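Structure file final_32.txt; described as compact mmCIF, C-alpha atoms.
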```
# COMPACT_ATOMS: atom_id res chain seq x y z
CA MET N 1467 72.30 -3.83 -18.47
CA ASP N 1468 73.90 -0.83 -16.73
CA ALA N 1469 74.80 -0.72 -13.04
CA LEU N 1470 71.74 1.33 -12.04
CA SER N 1471 69.35 -1.00 -13.83
CA SER N 1472 71.01 -4.02 -12.22
CA LEU N 1473 70.72 -2.44 -8.78
CA ASN N 1474 67.07 -1.58 -9.40
CA GLU N 1475 66.30 -5.14 -10.39
CA ALA N 1476 68.11 -6.54 -7.35
CA LEU N 1477 66.31 -4.23 -4.91
CA ALA N 1478 62.90 -4.94 -6.41
CA ALA N 1479 63.56 -8.69 -6.36
CA ALA N 1480 64.55 -8.54 -2.67
CA VAL N 1481 61.31 -6.74 -1.81
CA GLU N 1482 59.27 -9.26 -3.81
CA ARG N 1483 60.89 -12.14 -1.90
CA ALA N 1484 60.24 -10.58 1.50
CA ALA N 1485 56.80 -9.04 0.90
CA PRO N 1486 54.70 -12.23 1.35
CA SER N 1487 56.14 -12.52 4.89
CA VAL N 1488 55.25 -8.93 5.81
CA VAL N 1489 51.59 -8.56 6.78
CA GLN N 1490 49.35 -5.90 8.25
CA VAL N 1491 48.04 -6.31 11.81
CA GLN N 1492 45.42 -4.38 13.72
CA GLY N 1493 43.86 -4.56 17.16
CA HIS N 1494 41.81 -1.62 18.38
CA ARG N 1495 44.52 0.87 17.50
CA ARG N 1496 46.06 2.03 14.26
CA ALA N 1497 47.25 -0.72 11.95
CA ALA N 1498 50.92 -1.66 11.85
CA ALA N 1499 53.06 -4.11 9.95
CA GLY N 1500 53.99 -7.55 11.21
CA ILE N 1501 56.51 -10.20 10.19
CA VAL N 1502 55.97 -13.94 9.82
CA PHE N 1503 58.91 -15.31 11.82
CA ALA N 1504 57.85 -18.95 12.24
CA PRO N 1505 55.06 -21.15 10.84
CA ASP N 1506 51.71 -19.58 11.86
CA LEU N 1507 53.47 -16.95 14.04
CA ILE N 1508 53.67 -13.20 13.49
CA LEU N 1509 55.87 -10.67 15.29
CA ALA N 1510 54.24 -7.25 15.57
CA PRO N 1511 54.37 -4.10 17.72
CA ALA N 1512 52.78 -4.74 21.11
CA ALA N 1513 51.13 -1.31 20.97
CA ALA N 1514 49.12 -2.40 17.92
CA LEU N 1515 47.86 -5.62 19.55
CA ASP N 1516 45.88 -4.48 22.59
CA ASP N 1517 43.41 -7.35 22.81
CA ASP N 1518 43.31 -11.16 22.75
CA SER N 1519 42.71 -11.16 19.01
CA ALA N 1520 43.86 -9.15 16.03
CA THR N 1521 42.93 -8.73 12.40
CA VAL N 1522 45.67 -9.77 9.98
CA ARG N 1523 45.67 -8.78 6.33
CA THR N 1524 47.97 -11.04 4.36
CA ALA N 1525 49.82 -10.22 1.16
CA ASP N 1526 46.96 -11.53 -1.00
CA GLY N 1527 44.58 -9.00 0.57
CA ALA N 1528 42.64 -11.58 2.61
CA THR N 1529 41.81 -10.77 6.23
CA HIS N 1530 41.98 -13.27 9.07
CA GLU N 1531 41.49 -13.29 12.82
CA ALA N 1532 44.63 -14.18 14.76
CA ALA N 1533 45.08 -14.99 18.46
CA VAL N 1534 47.47 -12.73 20.38
CA MET N 1535 49.72 -15.05 22.38
CA GLY N 1536 51.58 -12.55 24.52
CA ARG N 1537 53.78 -9.48 24.69
CA ALA N 1538 57.32 -8.56 25.71
CA PHE N 1539 57.00 -5.04 27.08
CA SER N 1540 60.75 -4.49 27.35
CA SER N 1541 61.11 -4.77 23.57
CA GLY N 1542 57.65 -3.60 22.54
CA LEU N 1543 57.00 -6.80 20.58
CA ALA N 1544 54.03 -9.15 20.58
CA VAL N 1545 53.24 -12.48 18.92
CA ALA N 1546 50.02 -13.44 17.16
CA ARG N 1547 49.17 -16.93 15.92
CA LEU N 1548 47.45 -17.25 12.55
CA ALA N 1549 46.80 -20.88 11.68
CA GLY N 1550 45.93 -22.19 8.26
CA ALA N 1551 47.08 -19.24 6.16
CA ASN N 1552 50.18 -21.03 4.80
CA LEU N 1553 52.44 -18.07 5.53
CA THR N 1554 56.14 -18.27 4.71
CA PRO N 1555 58.50 -17.27 7.56
CA LEU N 1556 61.19 -14.75 6.77
CA ASP N 1557 64.76 -16.00 7.08
CA VAL N 1558 67.18 -14.11 9.31
CA ALA N 1559 70.26 -12.54 7.74
CA PRO N 1560 73.66 -12.21 9.41
CA GLU N 1561 74.15 -8.94 11.26
CA PRO N 1562 75.08 -6.15 8.84
CA ARG N 1563 77.90 -3.63 9.11
CA VAL N 1564 77.61 0.12 9.42
CA GLY N 1565 77.24 1.53 5.91
CA HIS N 1566 75.53 -1.51 4.42
CA LEU N 1567 72.50 -0.80 2.25
CA ALA N 1568 69.18 -2.16 3.50
CA ILE N 1569 65.50 -1.98 2.55
CA ALA N 1570 62.68 -1.15 4.98
CA VAL N 1571 59.50 -3.05 4.04
CA GLY N 1572 56.06 -2.42 5.52
CA ARG N 1573 52.39 -2.13 4.64
CA THR N 1574 50.34 0.99 3.91
CA TRP N 1575 46.88 1.55 5.40
CA SER N 1576 45.34 0.01 2.28
CA GLY N 1577 47.58 -3.04 2.63
CA ASN N 1578 49.97 -2.30 -0.22
CA VAL N 1579 53.70 -2.92 0.10
CA MET N 1580 55.80 0.09 1.08
CA ALA N 1581 59.58 -0.07 0.70
CA THR N 1582 62.38 2.45 1.12
CA VAL N 1583 66.10 2.06 0.54
CA THR N 1584 68.32 3.16 3.43
CA HIS N 1585 71.58 2.20 5.07
CA ILE N 1586 72.79 1.05 8.47
CA ALA N 1587 73.85 4.20 10.33
CA VAL N 1588 74.64 2.83 13.79
CA ILE N 1589 75.03 -0.56 15.47
CA GLY N 1590 75.08 -0.49 19.25
CA GLY N 1591 73.24 -0.97 22.49
CA PRO N 1592 72.02 -1.61 25.01
CA LEU N 1593 69.04 0.75 24.59
CA ARG N 1594 67.03 1.42 27.73
CA THR N 1595 63.29 1.01 27.17
CA GLY N 1596 62.20 1.52 30.78
CA ARG N 1597 63.54 2.07 34.23
CA THR N 1598 64.34 -1.61 34.59
CA SER N 1599 64.42 -2.88 31.00
CA GLN N 1600 66.53 -2.60 27.89
CA ILE N 1601 67.11 -4.02 24.42
CA ASP N 1602 70.59 -5.51 24.47
CA ARG N 1603 71.52 -4.66 20.88
CA VAL N 1604 69.99 -2.37 18.26
CA LEU N 1605 70.54 -1.17 14.72
CA ARG N 1606 69.70 2.34 13.56
CA ILE N 1607 68.90 3.25 9.98
CA ALA N 1608 69.30 6.60 8.27
CA GLN N 1609 65.64 7.63 8.17
CA PRO N 1610 62.98 8.61 10.72
CA PRO N 1611 60.17 6.19 11.67
CA HIS N 1612 57.15 5.93 9.39
CA GLY N 1613 53.79 4.51 10.45
CA ALA N 1614 53.48 2.16 7.48
CA LEU N 1615 56.91 0.71 8.20
CA THR N 1616 56.53 0.27 11.97
CA GLY N 1617 56.60 -3.44 12.74
CA GLY N 1618 57.88 -4.22 9.27
CA ALA N 1619 61.12 -5.84 8.19
CA LEU N 1620 64.49 -4.38 7.45
CA ILE N 1621 65.88 -6.70 4.78
CA ASP N 1622 69.14 -7.29 2.93
CA GLY N 1623 69.67 -7.72 -0.79
CA ASP N 1624 68.58 -11.36 -0.59
CA GLY N 1625 65.25 -10.52 1.04
CA ARG N 1626 66.32 -11.83 4.46
CA ALA N 1627 65.45 -10.10 7.72
CA LEU N 1628 68.06 -7.83 9.25
CA GLY N 1629 65.62 -6.75 11.93
CA VAL N 1630 62.22 -5.44 13.01
CA LEU N 1631 61.49 -1.75 12.48
CA THR N 1632 60.21 0.08 15.56
CA ARG N 1633 58.61 3.47 16.03
CA LYS N 1634 61.46 4.57 18.29
CA ALA N 1635 63.67 7.35 16.98
CA ILE N 1636 67.10 8.59 18.03
CA ARG N 1637 68.20 11.80 16.30
CA GLU N 1638 66.06 11.17 13.22
CA THR N 1639 67.19 7.55 12.91
CA THR N 1640 64.82 4.60 13.32
CA VAL N 1641 65.65 1.99 15.94
CA VAL N 1642 65.63 -1.58 14.59
CA ILE N 1643 65.67 -4.72 16.74
CA PRO N 1644 68.17 -7.12 15.12
CA GLY N 1645 66.61 -10.15 13.47
CA ALA N 1646 68.25 -12.86 15.60
CA LEU N 1647 67.31 -11.02 18.79
CA ALA N 1648 63.73 -10.31 17.66
CA TRP N 1649 63.19 -13.93 16.60
CA ALA N 1650 64.49 -15.09 20.00
CA ILE N 1651 62.12 -12.69 21.78
CA GLY N 1652 59.25 -14.09 19.73
CA GLN N 1653 60.13 -17.65 20.69
CA GLN N 1654 60.35 -16.63 24.36
CA ILE N 1655 56.84 -15.16 24.16
CA VAL N 1656 55.56 -18.40 22.63
CA ALA N 1657 57.39 -20.51 25.24
CA GLY N 1658 55.71 -18.45 27.96
CA GLY N 1659 52.45 -20.08 27.00
CA GLY N 1660 50.76 -16.96 25.73
CA ALA N 1661 50.23 -15.49 29.17
CA ARG N 1662 47.41 -12.96 29.17
CA GLN N 1663 47.71 -9.38 30.35
CA GLY N 1664 45.84 -8.54 33.50
CA TYR N 1665 44.01 -5.26 33.98
CA LEU N 1666 43.69 -3.06 37.07
CA GLY N 1667 42.17 0.07 35.57
CA ILE N 1668 44.58 2.71 36.81
CA SER N 1669 46.93 5.30 35.41
CA SER N 1670 50.12 5.92 37.37
CA PHE N 1671 53.62 7.35 37.21
CA PRO N 1672 56.81 6.82 39.23
CA VAL N 1673 57.48 9.04 42.26
CA ARG N 1674 60.30 9.21 44.76
CA LEU N 1675 59.26 8.30 48.30
CA PRO N 1676 60.35 10.72 51.03
CA ALA N 1677 62.31 9.02 53.79
CA ALA N 1678 59.59 9.78 56.33
CA GLN N 1679 56.95 8.06 54.19
CA ARG N 1680 59.20 5.20 53.20
CA GLY N 1681 59.55 3.87 56.74
CA GLU N 1682 61.55 0.64 56.80
CA ARG N 1683 60.87 -0.18 53.17
CA PRO N 1684 64.01 -0.68 51.04
CA GLN N 1685 62.56 1.01 47.97
CA SER N 1686 63.01 4.67 47.20
CA GLU N 1687 60.39 4.84 44.42
CA ALA N 1688 56.80 3.72 43.92
CA LEU N 1689 53.78 4.45 41.67
CA LEU N 1690 51.44 7.38 42.27
CA VAL N 1691 47.88 6.67 41.08
CA ASN N 1692 46.56 9.63 39.07
CA ALA N 1693 43.42 8.03 37.59
CA VAL N 1694 41.09 5.14 38.43
CA VAL N 1695 38.62 3.77 35.87
CA ASP N 1696 35.05 3.45 37.16
CA GLY N 1697 34.00 -0.19 37.53
CA SER N 1698 37.58 -1.46 37.18
CA PRO N 1699 39.25 -3.96 39.51
CA ALA N 1700 41.15 -1.11 41.17
CA ALA N 1701 37.94 0.85 41.74
CA ASP N 1702 36.22 -2.23 43.19
CA ALA N 1703 39.22 -2.65 45.53
CA GLY N 1704 38.85 0.89 46.83
CA VAL N 1705 41.98 2.34 45.20
CA LEU N 1706 41.87 6.14 45.19
CA VAL N 1707 43.57 8.84 43.16
CA GLY N 1708 46.56 9.89 45.24
CA ASP N 1709 47.30 6.42 46.59
CA VAL N 1710 50.88 5.24 46.16
CA ILE N 1711 51.35 1.63 45.07
CA VAL N 1712 54.44 0.16 46.74
CA ALA N 1713 53.88 -3.57 46.21
CA PHE N 1714 51.81 -6.13 44.32
CA ASP N 1715 51.39 -9.49 46.03
CA GLY N 1716 54.39 -8.67 48.19
CA HIS N 1717 56.67 -7.77 45.27
CA ILE N 1718 58.11 -4.25 45.15
CA VAL N 1719 56.55 -1.96 42.53
CA ASP N 1720 58.66 1.01 41.49
CA ASP N 1721 58.01 1.22 37.75
CA PRO N 1722 54.86 0.98 35.54
CA GLU N 1723 56.50 -1.70 33.40
CA ALA N 1724 57.29 -3.78 36.48
CA LEU N 1725 53.61 -3.70 37.43
CA LEU N 1726 52.55 -4.66 33.90
CA THR N 1727 54.92 -7.63 34.00
CA MET N 1728 53.48 -8.78 37.34
CA LEU N 1729 49.97 -8.58 35.89
CA ARG N 1730 50.77 -11.17 33.20
CA SER N 1731 49.22 -14.52 34.02
CA ASP N 1732 47.68 -17.62 32.51
CA ARG N 1733 45.17 -17.54 35.39
CA ILE N 1734 42.80 -14.62 34.94
CA PRO N 1735 40.73 -13.63 36.82
CA ARG N 1736 42.95 -14.06 39.87
CA ASP N 1737 43.03 -12.67 43.38
CA ALA N 1738 45.98 -10.55 44.48
CA LYS N 1739 46.87 -7.84 46.98
CA LEU N 1740 47.94 -4.25 46.43
CA THR N 1741 50.00 -2.57 49.13
CA LEU N 1742 49.29 1.14 49.14
CA LEU N 1743 50.48 4.20 51.00
CA ARG N 1744 47.56 6.48 51.71
CA GLY N 1745 49.20 9.49 53.30
CA GLY N 1746 51.26 7.98 56.09
CA THR N 1747 49.11 4.86 56.42
CA VAL N 1748 49.77 1.46 54.83
CA VAL N 1749 46.63 0.00 53.23
CA GLU N 1750 46.35 -3.60 52.02
CA ALA N 1751 43.77 -3.74 49.22
CA PRO N 1752 42.57 -7.16 47.96
CA VAL N 1753 41.99 -6.93 44.21
CA THR N 1754 40.69 -9.34 41.58
CA VAL N 1755 42.79 -8.94 38.45
CA ARG N 1756 40.85 -9.49 35.26
CA GLU N 1757 41.20 -8.85 31.56
CA ARG N 1758 40.25 -5.57 29.97
CA GLU N 1759 36.79 -5.68 28.45
CA ARG N 1760 36.87 -5.63 24.68
CA SER N 1761 35.68 -2.56 22.82
CA THR N 1762 32.58 -3.04 20.73
```
Show the structure stored in the file as structure tokens.
Amino acid sequence: MDALSSLNEALAAAVERAAPSVVQVQGHRRAAAGIVFAPDLILAPAAALDDDSATVRTADGATHEAAVMGRAFSSGLAVARLAGANLTPLDVAPEPRVGHLAIAVGRTWSGNVMATVTHIAVIGGPLRTGRTSQIDRVLRIAQPPHGALTGGALIDGDGRALGVLTRKAIRETTVVIPGALAWAIGQQIVAGGGARQGYLGISSFPVRLPAAQRGERPQSEALLVNAVVDGSPAADAGVLVGDVIVAFDGHIVDDPEALLTMLRSDRIPRDAKLTLLRGGTVVEAPVTVRERERST
């Protein structure tokens, strides 16, 4: 057998070993890939799992309902639990070196395996993912993101996980969360008890507070509300477009991700307090945080 044939066989065998551990997941948004990282547990993009449950299509084509346990917004990962499907977790490979060949494995819309051969272009970090968050270490592969690969596995020649493929791109390279780090993030989500994500019903963006409006507050930034959903907890609390959120339950809010993190709780609905600046006036708005109603 010539060298090319041997390489072909090795690459195909690696994909075949990894493919049963790469599934398709879908909430209310476009489907993405997910990786079985522990018995009954699937790592997937948080953006694809926007509800308490998700549909999982396994390698045999069967569909199952899985429970979404929680999300880590700093990394963009979420964990879903799928019991009774006898899924095989993917083993983690040692960290590769720049130049090493790798295979990106995902799932197409129809559920078929998609695989592309690439190489490790960059190893580095940290990568900032928000004003107050970052991924400590990342890999980058020599190809742009692809929807069918997002959430899938970057594997080595033995079919072991080098990392989780994201939809983030830097100069036409795909950002990959290293396997050991991604698996640890997944375990942290599970250890957090599957805290649910609270819902206020606002859209906001960071703004810098003028000194005159800041008063004696230590923060220089806050969140400007630019939309309020009718019938939402924020609307019921009297929040208005143009209000500036400076605190939630007494904790400073200066970044949308910080607010999302504060809204995570195992106790929903729950009562809380928003501190707002309405012009030059401080307004304390009691609010009942609840979960987003499911789409039908």
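Distance annotation: of N:Ser1686, N:Thr1741, N:Thr1529, N:Thr1727, the residue with the minimal separation from Ala1713 of chain N is N:Thr1741; atom set is all atoms listed in the file.
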Task: Shell of 10 Å around Ser1669 of chain N, all atoms listed in the file, local chain residues under 3 positions omitted, as a count of residues only - done: 10
TODO: Dig up all the protein and nucleic acid residues within 9 Å of (40.3, -1.8, 39.8) in the file frame, using all atoms listed in the file, and format them as a list in words.
DONE: Tyr1665, Leu1666, Gly1667, Ile1668, Val1694, Val1695, Asp1696, Gly1697, Ser1698, Pro1699, Ala1700, Ala1701, Asp1702, Ala1703, Gly1704, Val1705, Val1753, Thr1754, Val1755 and Arg1756 of chain N
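Take the candidates N:Asp1526, N:Ala1514, N:Phe1714, N:Val1719 and check each one against Asp1737 of chain N using only C-alpha atoms; the shortest distance goes to N:Phe1714.
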Open item on the list: Report as a PyMOL selection string all protein, DNA and RNA residues lying within 10 Å of Ser1519 of chain N, evaluated on all atoms listed in the file, omitting residues in the same chain fewer than 2 positions from it.
Closed with: chain N and resi 1492-1494+1515-1517+1521-1522+1531-1535+1546-1547+1760
Expected file: the selected residues, C-alpha atoms, as an mmCIF file, in the frame of the given file:
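Produced file again.cif, reproduced below:
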```cif
data_model
loop_
_atom_site.group_PDB
_atom_site.id
_atom_site.type_symbol
_atom_site.label_atom_id
_atom_site.label_comp_id
_atom_site.auth_asym_id
_atom_site.auth_seq_id
_atom_site.Cartn_x
_atom_site.Cartn_y
_atom_site.Cartn_z
ATOM 1 C CA GLN N 1492 45.420 -4.380 13.720
ATOM 2 C CA GLY N 1493 43.860 -4.560 17.160
ATOM 3 C CA HIS N 1494 41.810 -1.620 18.380
ATOM 4 C CA LEU N 1515 47.860 -5.620 19.550
ATOM 5 C CA ASP N 1516 45.880 -4.480 22.590
ATOM 6 C CA ASP N 1517 43.410 -7.350 22.810
ATOM 7 C CA THR N 1521 42.930 -8.730 12.400
ATOM 8 C CA VAL N 1522 45.670 -9.770 9.980
ATOM 9 C CA GLU N 1531 41.490 -13.290 12.820
ATOM 10 C CA ALA N 1532 44.630 -14.180 14.760
ATOM 11 C CA ALA N 1533 45.080 -14.990 18.460
ATOM 12 C CA VAL N 1534 47.470 -12.730 20.380
ATOM 13 C CA MET N 1535 49.720 -15.050 22.380
ATOM 14 C CA ALA N 1546 50.020 -13.440 17.160
ATOM 15 C CA ARG N 1547 49.170 -16.930 15.920
ATOM 16 C CA ARG N 1760 36.870 -5.630 24.680
#
```
Regenerate segment 1581-1599 of chain N at the level of N, CA and C atoms and dump it as a compact mmCIF listing (two decimals), in the frame of the given file.
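Final output, selection.txt:
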```txt
# COMPACT_ATOMS: atom_id res chain seq x y z
N ALA N 1581 58.16 0.25 0.55
CA ALA N 1581 59.58 -0.07 0.70
C ALA N 1581 60.42 1.17 0.46
N THR N 1582 61.43 1.35 1.29
CA THR N 1582 62.38 2.45 1.12
C THR N 1582 63.80 1.92 1.27
N VAL N 1583 64.69 2.45 0.46
CA VAL N 1583 66.10 2.06 0.54
C VAL N 1583 66.81 2.98 1.53
N THR N 1584 67.61 2.40 2.41
CA THR N 1584 68.32 3.16 3.43
C THR N 1584 69.68 2.50 3.66
N HIS N 1585 70.34 2.89 4.72
CA HIS N 1585 71.58 2.20 5.07
C HIS N 1585 71.71 2.12 6.60
N ILE N 1586 72.55 1.22 7.04
CA ILE N 1586 72.79 1.05 8.47
C ILE N 1586 73.66 2.21 8.94
N ALA N 1587 73.13 3.02 9.85
CA ALA N 1587 73.85 4.20 10.33
C ALA N 1587 74.63 3.92 11.61
N VAL N 1588 74.03 3.10 12.49
CA VAL N 1588 74.64 2.83 13.79
C VAL N 1588 74.33 1.39 14.18
N ILE N 1589 75.27 0.73 14.81
CA ILE N 1589 75.03 -0.56 15.47
C ILE N 1589 75.53 -0.40 16.90
N GLY N 1590 74.66 -0.69 17.86
CA GLY N 1590 75.08 -0.49 19.25
C GLY N 1590 74.10 -1.07 20.23
N GLY N 1591 74.07 -0.49 21.40
CA GLY N 1591 73.24 -0.97 22.49
C GLY N 1591 74.09 -1.16 23.73
N PRO N 1592 73.46 -1.42 24.86
CA PRO N 1592 72.02 -1.61 25.01
C PRO N 1592 71.26 -0.29 24.93
N LEU N 1593 69.95 -0.40 24.62
CA LEU N 1593 69.04 0.75 24.59
C LEU N 1593 68.02 0.57 25.69
N ARG N 1594 67.99 1.51 26.63
CA ARG N 1594 67.03 1.42 27.73
C ARG N 1594 65.64 1.70 27.19
N THR N 1595 64.69 0.84 27.57
CA THR N 1595 63.29 1.01 27.17
C THR N 1595 62.39 1.27 28.36
N GLY N 1596 62.94 1.26 29.54
CA GLY N 1596 62.20 1.52 30.78
C GLY N 1596 63.18 1.65 31.91
N ARG N 1597 62.66 1.90 33.08
CA ARG N 1597 63.54 2.07 34.23
C ARG N 1597 64.30 0.80 34.56
N THR N 1598 63.71 -0.34 34.24
CA THR N 1598 64.34 -1.61 34.59
C THR N 1598 64.51 -2.53 33.38
N SER N 1599 64.37 -2.01 32.18
CA SER N 1599 64.42 -2.88 31.00
C SER N 1599 65.27 -2.23 29.90
```
